[in-house]
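Engineer: Questions regarding the structure given below will be posed in turn.
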Amino acid sequence: MAMDYPDFTAIGPDTATGKFLRSFWQPVYQSAKLKPGKAVPLRLLGEDFTLFRGTSGKASVIAPYCAHRGLKLSMGRVVGDTVECFYHGWTYDGRGQCVAQPAEKKSFADKIKIGGYPTQEYLGLIFCYFGEGAAPPLPRFSVYEENSFHEIRESHRAWSAFAQLENSVDEVHFAFTHRKSKFSDVGLNDELPDLGAEETDYGILRIGRRGNLVRKSHIIMPNCMFSMVFEHFKGWAEHIAWRVPVDENTHVNFMIDCVHKTGADAEEYSRLRAEHRASLKDLEPAQKVVDRILRGELHCDDIEWRPDIVLIQDGVAMQGQPPGRDRSKDILGASDRQVVMLRSIWGREIRAIEQGQATKKWSVPPELVPTSGTDYEAAKT
Ligand code: FES
Ligand SMILES: [Fe+2]
């Protein structure tokens, strides 16, 4: 059945999809990568920004350019909790308020204000609110707060955030796209799943059932996936991933895994993880392999198993679709149930914004967790 969808990939500030995404907190940077006294350029949601960390440790996000003669403020010097423009010294605080114009005998700094956006840091990420009005509460996740060993990763991908999000709710592709991977070790691509999808207060509860194995995952509106993932040296772990658009056809994934290891086990895990990262350095980069496959020089099934094979397989599946394609023309079946629910909710909320109507007030229970197990009744609780 063909559906009339809004453009889910037009994410600029004046688009309804862009306004929808901006009405939630979005992760923008890893906390540990931004030292006090540093400023960096940010590009997200089709816009540029300046991110800086003051000497007090406070992270701020303000507009990209100086109001004076337009220099990029990320070139500036951080002074206290302000950033001083590299060109003539106009200085801005974390709200974007100009607080000094050293070359002006009669300062009019109080009349100069550029954009400034609220920030919060949580679980090792800097979150920012780019929307209008008061920000909603930032979702909290007790499982991460109770288990302090987190692994934070970031990956930049050459396809739209929405394509990645659709892929997140598509368990059917495991059996095809990931046939040659280690998903079969944990029974995820041996058989096609029975699928369930329910709209909830936070987004979508997804259920994938393969015989006795039941996997419950969550989409936290609008662009966050929370699921159990399996890695051979980690076992099952909670995995949360925000798919944040950079531009219409590229995005960044911020991912946090909750690693249930302590003491010597945690040290051993970190050693194995470092080895894993080192082993990837000796391989042809995943994106180059994807590009070769898409040029027809290689088939995905011909690549030898490697630790990042899933990324390559997903890259082929996602970059193999033309960017900006019209999803309204897709021919969907019952096995697309979860994709249909994602598109319907996004579509409903974006249309409400277009028509000036109220959108749903979402709330994320802090105790929310994904599950993966063989006992369906236990998994339901
Ligand atoms: S351009 Fe920034 S102070 Fe002149
Ligand atoms: Fe995949």
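Letters A, B, ... mark the chains of the structure tokens in the order given; residue numbers begin at 1 per chain; ligand numbers begin at 1, in order shown.
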Sorted by chain and rising residue number, which residues of chain A lie within 6 Å of ligand 1, and what are their closest atom pairs and distances in Å to one decimal, counting only C-alpha atoms and all ligand atoms, as JSON lines?

Structural biologist:
{"residue": "A:Cys66", "atom": "CA", "partner": "ligand 1", "partner_atom_place_in_ligand_line": "2 (Fe)", "distance": 4.6}
{"residue": "A:His68", "atom": "CA", "partner": "ligand 1", "partner_atom_place_in_ligand_line": "1 (S)", "distance": 4.6}
{"residue": "A:Arg69", "atom": "CA", "partner": "ligand 1", "partner_atom_place_in_ligand_line": "1 (S)", "distance": 3.8}
{"residue": "A:Gly70", "atom": "CA", "partner": "ligand 1", "partner_atom_place_in_ligand_line": "1 (S)", "distance": 4.9}
{"residue": "A:Leu71", "atom": "CA", "partner": "ligand 1", "partner_atom_place_in_ligand_line": "1 (S)", "distance": 4.6}
{"residue": "A:Cys85", "atom": "CA", "partner": "ligand 1", "partner_atom_place_in_ligand_line": "2 (Fe)", "distance": 4.7}
{"residue": "A:Tyr87", "atom": "CA", "partner": "ligand 1", "partner_atom_place_in_ligand_line": "4 (Fe)", "distance": 4.8}
{"residue": "A:His88", "atom": "CA", "partner": "ligand 1", "partner_atom_place_in_ligand_line": "3 (S)", "distance": 3.6}
{"residue": "A:Gly89", "atom": "CA", "partner": "ligand 1", "partner_atom_place_in_ligand_line": "3 (S)", "distance": 4.7}
{"residue": "A:Trp90", "atom": "CA", "partner": "ligand 1", "partner_atom_place_in_ligand_line": "3 (S)", "distance": 4.3}

Engineer: Any residue with an atom at most 7 Å from ligand 2 counts, using only C-alpha atoms and all ligand atoms. Which are they? Put them as a PyMOL selection string.

Structural biologist: chain A and resi 167+173-174+177-178+310+313-314

Engineer: Within 12 Å of stretch 232-249 of chain A, which residues of stretch 138-181 of chain A show up? Give each one with its shortest atom-to-atom distance in Å (one decimal) and the two atoms involved, counting only C-alpha atoms, rows by chain then rising residue number, as a Markdown table.

Structural biologist:
| residue | atom | partner | partner_atom | distance |
| --- | --- | --- | --- | --- |
| A:Arg140 | CA | A:Ile240 | CA | 11.8 |
| A:Phe141 | CA | A:Ile240 | CA | 9.9 |
| A:Ser142 | CA | A:Glu238 | CA | 11.6 |
| A:Val143 | CA | A:Glu238 | CA | 8.5 |
| A:Tyr144 | CA | A:Glu238 | CA | 8.7 |
| A:Asn147 | CA | A:Glu238 | CA | 10.8 |
| A:Phe149 | CA | A:Ala237 | CA | 11.3 |
| A:His150 | CA | A:His239 | CA | 9.8 |
| A:Glu151 | CA | A:His239 | CA | 9.4 |
| A:Ile152 | CA | A:Ile240 | CA | 9.7 |
| A:Arg153 | CA | A:Ala241 | CA | 9.3 |
| A:Glu154 | CA | A:Ala241 | CA | 9.2 |
| A:Ser155 | CA | A:Arg243 | CA | 9.7 |
| A:His156 | CA | A:Val246 | CA | 8.9 |
| A:Arg157 | CA | A:Asn249 | CA | 8.8 |
| A:Ala158 | CA | A:Asn249 | CA | 6.5 |
| A:Trp159 | CA | A:Asn249 | CA | 4.7 |
| A:Ser160 | CA | A:Asn249 | CA | 4.2 |
| A:Ala161 | CA | A:Pro245 | CA | 5.1 |
| A:Phe162 | CA | A:Arg243 | CA | 7.7 |
| A:Ala163 | CA | A:Asn249 | CA | 9.0 |
| A:Gln164 | CA | A:Arg243 | CA | 7.0 |
| A:Leu165 | CA | A:Arg243 | CA | 6.7 |
| A:Glu166 | CA | A:Arg243 | CA | 10.5 |
| A:Asn167 | CA | A:Arg243 | CA | 10.9 |
| A:Ser168 | CA | A:Ala241 | CA | 9.5 |
| A:Ser181 | CA | A:His232 | CA | 11.6 |

Engineer: Selection from above, N, CA and C atoms, as an mmCIF file, in the first residue's frame, can you write it?

Structural biologist:
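That gives us part_19.cif:
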data_model
loop_
_atom_site.group_PDB
_atom_site.id
_atom_site.type_symbol
_atom_site.label_atom_id
_atom_site.label_comp_id
_atom_site.auth_asym_id
_atom_site.auth_seq_id
_atom_site.Cartn_x
_atom_site.Cartn_y
_atom_site.Cartn_z
ATOM 1 N N ARG A 140 16.585 9.821 31.054
ATOM 2 C CA ARG A 140 17.605 9.188 31.921
ATOM 3 C C ARG A 140 17.468 7.682 31.792
ATOM 4 N N PHE A 141 18.566 6.972 32.026
ATOM 5 C CA PHE A 141 18.577 5.519 31.862
ATOM 6 C C PHE A 141 19.260 4.893 33.070
ATOM 7 N N SER A 142 18.451 4.308 33.971
ATOM 8 C CA SER A 142 19.056 3.826 35.218
ATOM 9 C C SER A 142 20.044 2.697 35.003
ATOM 10 N N VAL A 143 19.853 1.872 33.975
ATOM 11 C CA VAL A 143 20.793 0.755 33.794
ATOM 12 C C VAL A 143 22.217 1.273 33.577
ATOM 13 N N TYR A 144 22.354 2.410 32.919
ATOM 14 C CA TYR A 144 23.696 2.987 32.716
ATOM 15 C C TYR A 144 24.200 3.651 33.995
ATOM 16 N N ASN A 147 25.479 0.822 36.318
ATOM 17 C CA ASN A 147 26.652 0.078 35.845
ATOM 18 C C ASN A 147 27.602 1.088 35.219
ATOM 19 N N PHE A 149 30.564 0.992 33.842
ATOM 20 C CA PHE A 149 31.478 0.750 32.730
ATOM 21 C C PHE A 149 30.712 0.925 31.414
ATOM 22 N N HIS A 150 30.956 2.047 30.775
ATOM 23 C CA HIS A 150 30.292 2.329 29.498
ATOM 24 C C HIS A 150 31.343 2.413 28.412
ATOM 25 N N GLU A 151 30.946 2.026 27.265
ATOM 26 C CA GLU A 151 31.836 2.181 26.120
ATOM 27 C C GLU A 151 31.137 3.131 25.155
ATOM 28 N N ILE A 152 31.807 4.238 24.845
ATOM 29 C CA ILE A 152 31.177 5.245 23.978
ATOM 30 C C ILE A 152 31.859 5.209 22.621
ATOM 31 N N ARG A 153 31.065 5.156 21.598
ATOM 32 C CA ARG A 153 31.629 5.151 20.244
ATOM 33 C C ARG A 153 30.868 6.148 19.391
ATOM 34 N N GLU A 154 31.494 6.481 18.284
ATOM 35 C CA GLU A 154 30.884 7.465 17.384
ATOM 36 C C GLU A 154 31.222 7.009 15.976
ATOM 37 N N SER A 155 30.263 7.044 15.081
ATOM 38 C CA SER A 155 30.634 6.716 13.705
ATOM 39 C C SER A 155 29.875 7.606 12.736
ATOM 40 N N HIS A 156 30.612 8.071 11.729
ATOM 41 C CA HIS A 156 30.046 8.988 10.736
ATOM 42 C C HIS A 156 29.704 8.175 9.506
ATOM 43 N N ARG A 157 28.503 8.312 9.023
ATOM 44 C CA ARG A 157 28.051 7.437 7.942
ATOM 45 C C ARG A 157 27.463 8.231 6.772
ATOM 46 N N ALA A 158 27.681 7.663 5.602
ATOM 47 C CA ALA A 158 27.368 8.389 4.366
ATOM 48 C C ALA A 158 25.968 8.074 3.852
ATOM 49 N N TRP A 159 25.000 8.038 4.737
ATOM 50 C CA TRP A 159 23.604 7.901 4.336
ATOM 51 C C TRP A 159 22.758 8.630 5.369
ATOM 52 N N SER A 160 21.458 8.788 5.092
ATOM 53 C CA SER A 160 20.656 9.647 5.970
ATOM 54 C C SER A 160 20.403 8.990 7.324
ATOM 55 N N ALA A 161 20.201 9.831 8.323
ATOM 56 C CA ALA A 161 19.874 9.325 9.662
ATOM 57 C C ALA A 161 18.571 8.535 9.608
ATOM 58 N N PHE A 162 17.636 8.977 8.772
ATOM 59 C CA PHE A 162 16.349 8.256 8.743
ATOM 60 C C PHE A 162 16.517 6.870 8.136
ATOM 61 N N ALA A 163 17.359 6.756 7.101
ATOM 62 C CA ALA A 163 17.610 5.416 6.530
ATOM 63 C C ALA A 163 18.203 4.506 7.605
ATOM 64 N N GLN A 164 19.097 5.058 8.404
ATOM 65 C CA GLN A 164 19.706 4.264 9.471
ATOM 66 C C GLN A 164 18.669 3.883 10.532
ATOM 67 N N LEU A 165 17.772 4.806 10.809
ATOM 68 C CA LEU A 165 16.737 4.527 11.809
ATOM 69 C C LEU A 165 15.779 3.442 11.291
ATOM 70 N N GLU A 166 15.437 3.532 10.017
ATOM 71 C CA GLU A 166 14.593 2.471 9.438
ATOM 72 C C GLU A 166 15.301 1.127 9.517
ATOM 73 N N ASN A 167 16.590 1.151 9.286
ATOM 74 C CA ASN A 167 17.365 -0.086 9.373
ATOM 75 C C ASN A 167 17.359 -0.624 10.805
ATOM 76 N N SER A 168 17.314 0.299 11.778
ATOM 77 C CA SER A 168 17.284 -0.097 13.191
ATOM 78 C C SER A 168 16.013 -0.876 13.527
ATOM 79 N N SER A 181 27.793 -13.294 8.767
ATOM 80 C CA SER A 181 28.286 -12.547 9.926
ATOM 81 C C SER A 181 28.171 -13.496 11.092
#

Engineer: Name the residues in contact with A:Trp346 at a cut-off of 9 Å, using only C-alpha atoms, excluding same-chain residues fewer than 3 positions from it; report them as number ranges by chain.

Structural biologist: A: 5-6, 8, 17, 20, 221-222, 341-343, 349-351

Engineer: Using backbone DSSP assignments, extract all alpha helix (DSSP H) residues from stretch 214-362 of chain A; output them as an NGL selection string.

Structural biologist: :A and (263-281 or 286-294 or 309-319 or 337-354)

Engineer: Check which residues of stretch 107-132 of chain A sit at most 6 Å from stretch 23-34 of chain A using only C-alpha atoms, and return one row each with the closest pair of atoms and their distance in Å to one decimal, ordered by chain and rising number, as a tab-separated table.

Structural biologist:
residue	atom	partner	partner_atom	distance
A:Gly124	CA	A:Ser31	CA	5.2
A:Leu125	CA	A:Gln30	CA	4.6
A:Ile126	CA	A:Tyr29	CA	5.3
A:Phe127	CA	A:Pro27	CA	4.1
A:Cys128	CA	A:Gln26	CA	5.5
A:Tyr129	CA	A:Trp25	CA	4.7
A:Gly131	CA	A:Ser23	CA	4.7

Engineer: What would the file look like if the residues just selected were written as a compact mmCIF listing (two decimals), in the first residue's frame with C-alpha atoms?

Structural biologist:
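Result file is result.txt:
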# COMPACT_ATOMS: atom_id res chain seq x y z
CA GLY A 124 29.72 10.87 28.54
CA LEU A 125 27.90 12.80 25.84
CA ILE A 126 27.14 16.49 25.41
CA PHE A 127 23.46 16.99 24.59
CA CYS A 128 22.01 20.15 23.12
CA TYR A 129 18.48 21.45 22.69
CA GLY A 131 14.22 23.71 19.64

Engineer: Tell me which of A:Leu298, A:Ala286, A:Leu44, A:Leu332 sits closest to A:Pro13, counting only C-alpha atoms.

Structural biologist: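 So, comparing all the options, the nearest one is A:Leu44.
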
Engineer: Would you please work out which residue, of A:Pro323, A:Ile312, A:Lys35, A:Tyr269, is nearest to A:Ile293 when using only C-alpha atoms?

Structural biologist: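 When distances to A:Ile293 are compared using only C-alpha atoms, the smallest one comes from A:Ile312.
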
Engineer: I need the residue nearest A:Thr200 from this list: A:Val339, A:Ile345, A:Val169, A:Leu21. Use only C-alpha atoms for the distance.

Structural biologist: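 The closest residue to A:Thr200 is A:Ile345.
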
Engineer: What are the DSSP strand (DSSP E) residues of stretch 146-357 of chain A, as a PyMOL selection string?

Structural biologist: chain A and resi 150-157+194-199+203-210+213-220+224-231+235-247+250-258

Engineer: Can you work out the spacing between atom CA of A:Arg179 and atom CA of A:Thr9 in Å, to one decimal?

Structural biologist: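 The value is 28.7 Å.
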
Engineer: Might you pull out every residue within 8 Å of A:Pro64, with only C-alpha atoms counted and same-chain residues fewer than 6 positions away left off, and present them as a compact mmCIF listing (two decimals) with C-alpha atoms, in the first residue's frame?

Structural biologist:
# COMPACT_ATOMS: atom_id res chain seq x y z
CA PRO A 41 33.09 23.72 14.92
CA ASP A 48 26.82 24.97 11.71
CA PHE A 49 27.46 25.80 15.36
CA THR A 50 30.32 26.60 17.73
CA LYS A 72 34.04 31.42 12.46
CA LEU A 73 33.97 31.55 16.26
CA SER A 74 35.48 28.09 16.66

Engineer: For atom CA of A:Arg271 and atom CA of A:Glu231, quote the distance in Å rounded to one decimal.

Structural biologist: 14.8 Å

Engineer: Which of these residues is nearest to A:Asp291, using only C-alpha atoms: A:Asp265, A:Arg348, A:Ser270, A:Met318?

Structural biologist: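 Checking each of A:Asp265, A:Arg348, A:Ser270, A:Met318 against A:Asp291, counting only C-alpha atoms, the winner is A:Met318.
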
Engineer: From the set A:Gln120, A:Ser372, A:Thr91, A:Ser335, which residue has the shortest atom-to-atom contact distance to A:Glu171, counting only C-alpha atoms?

Structural biologist: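 Of all the options, A:Ser335 lies closest to A:Glu171.
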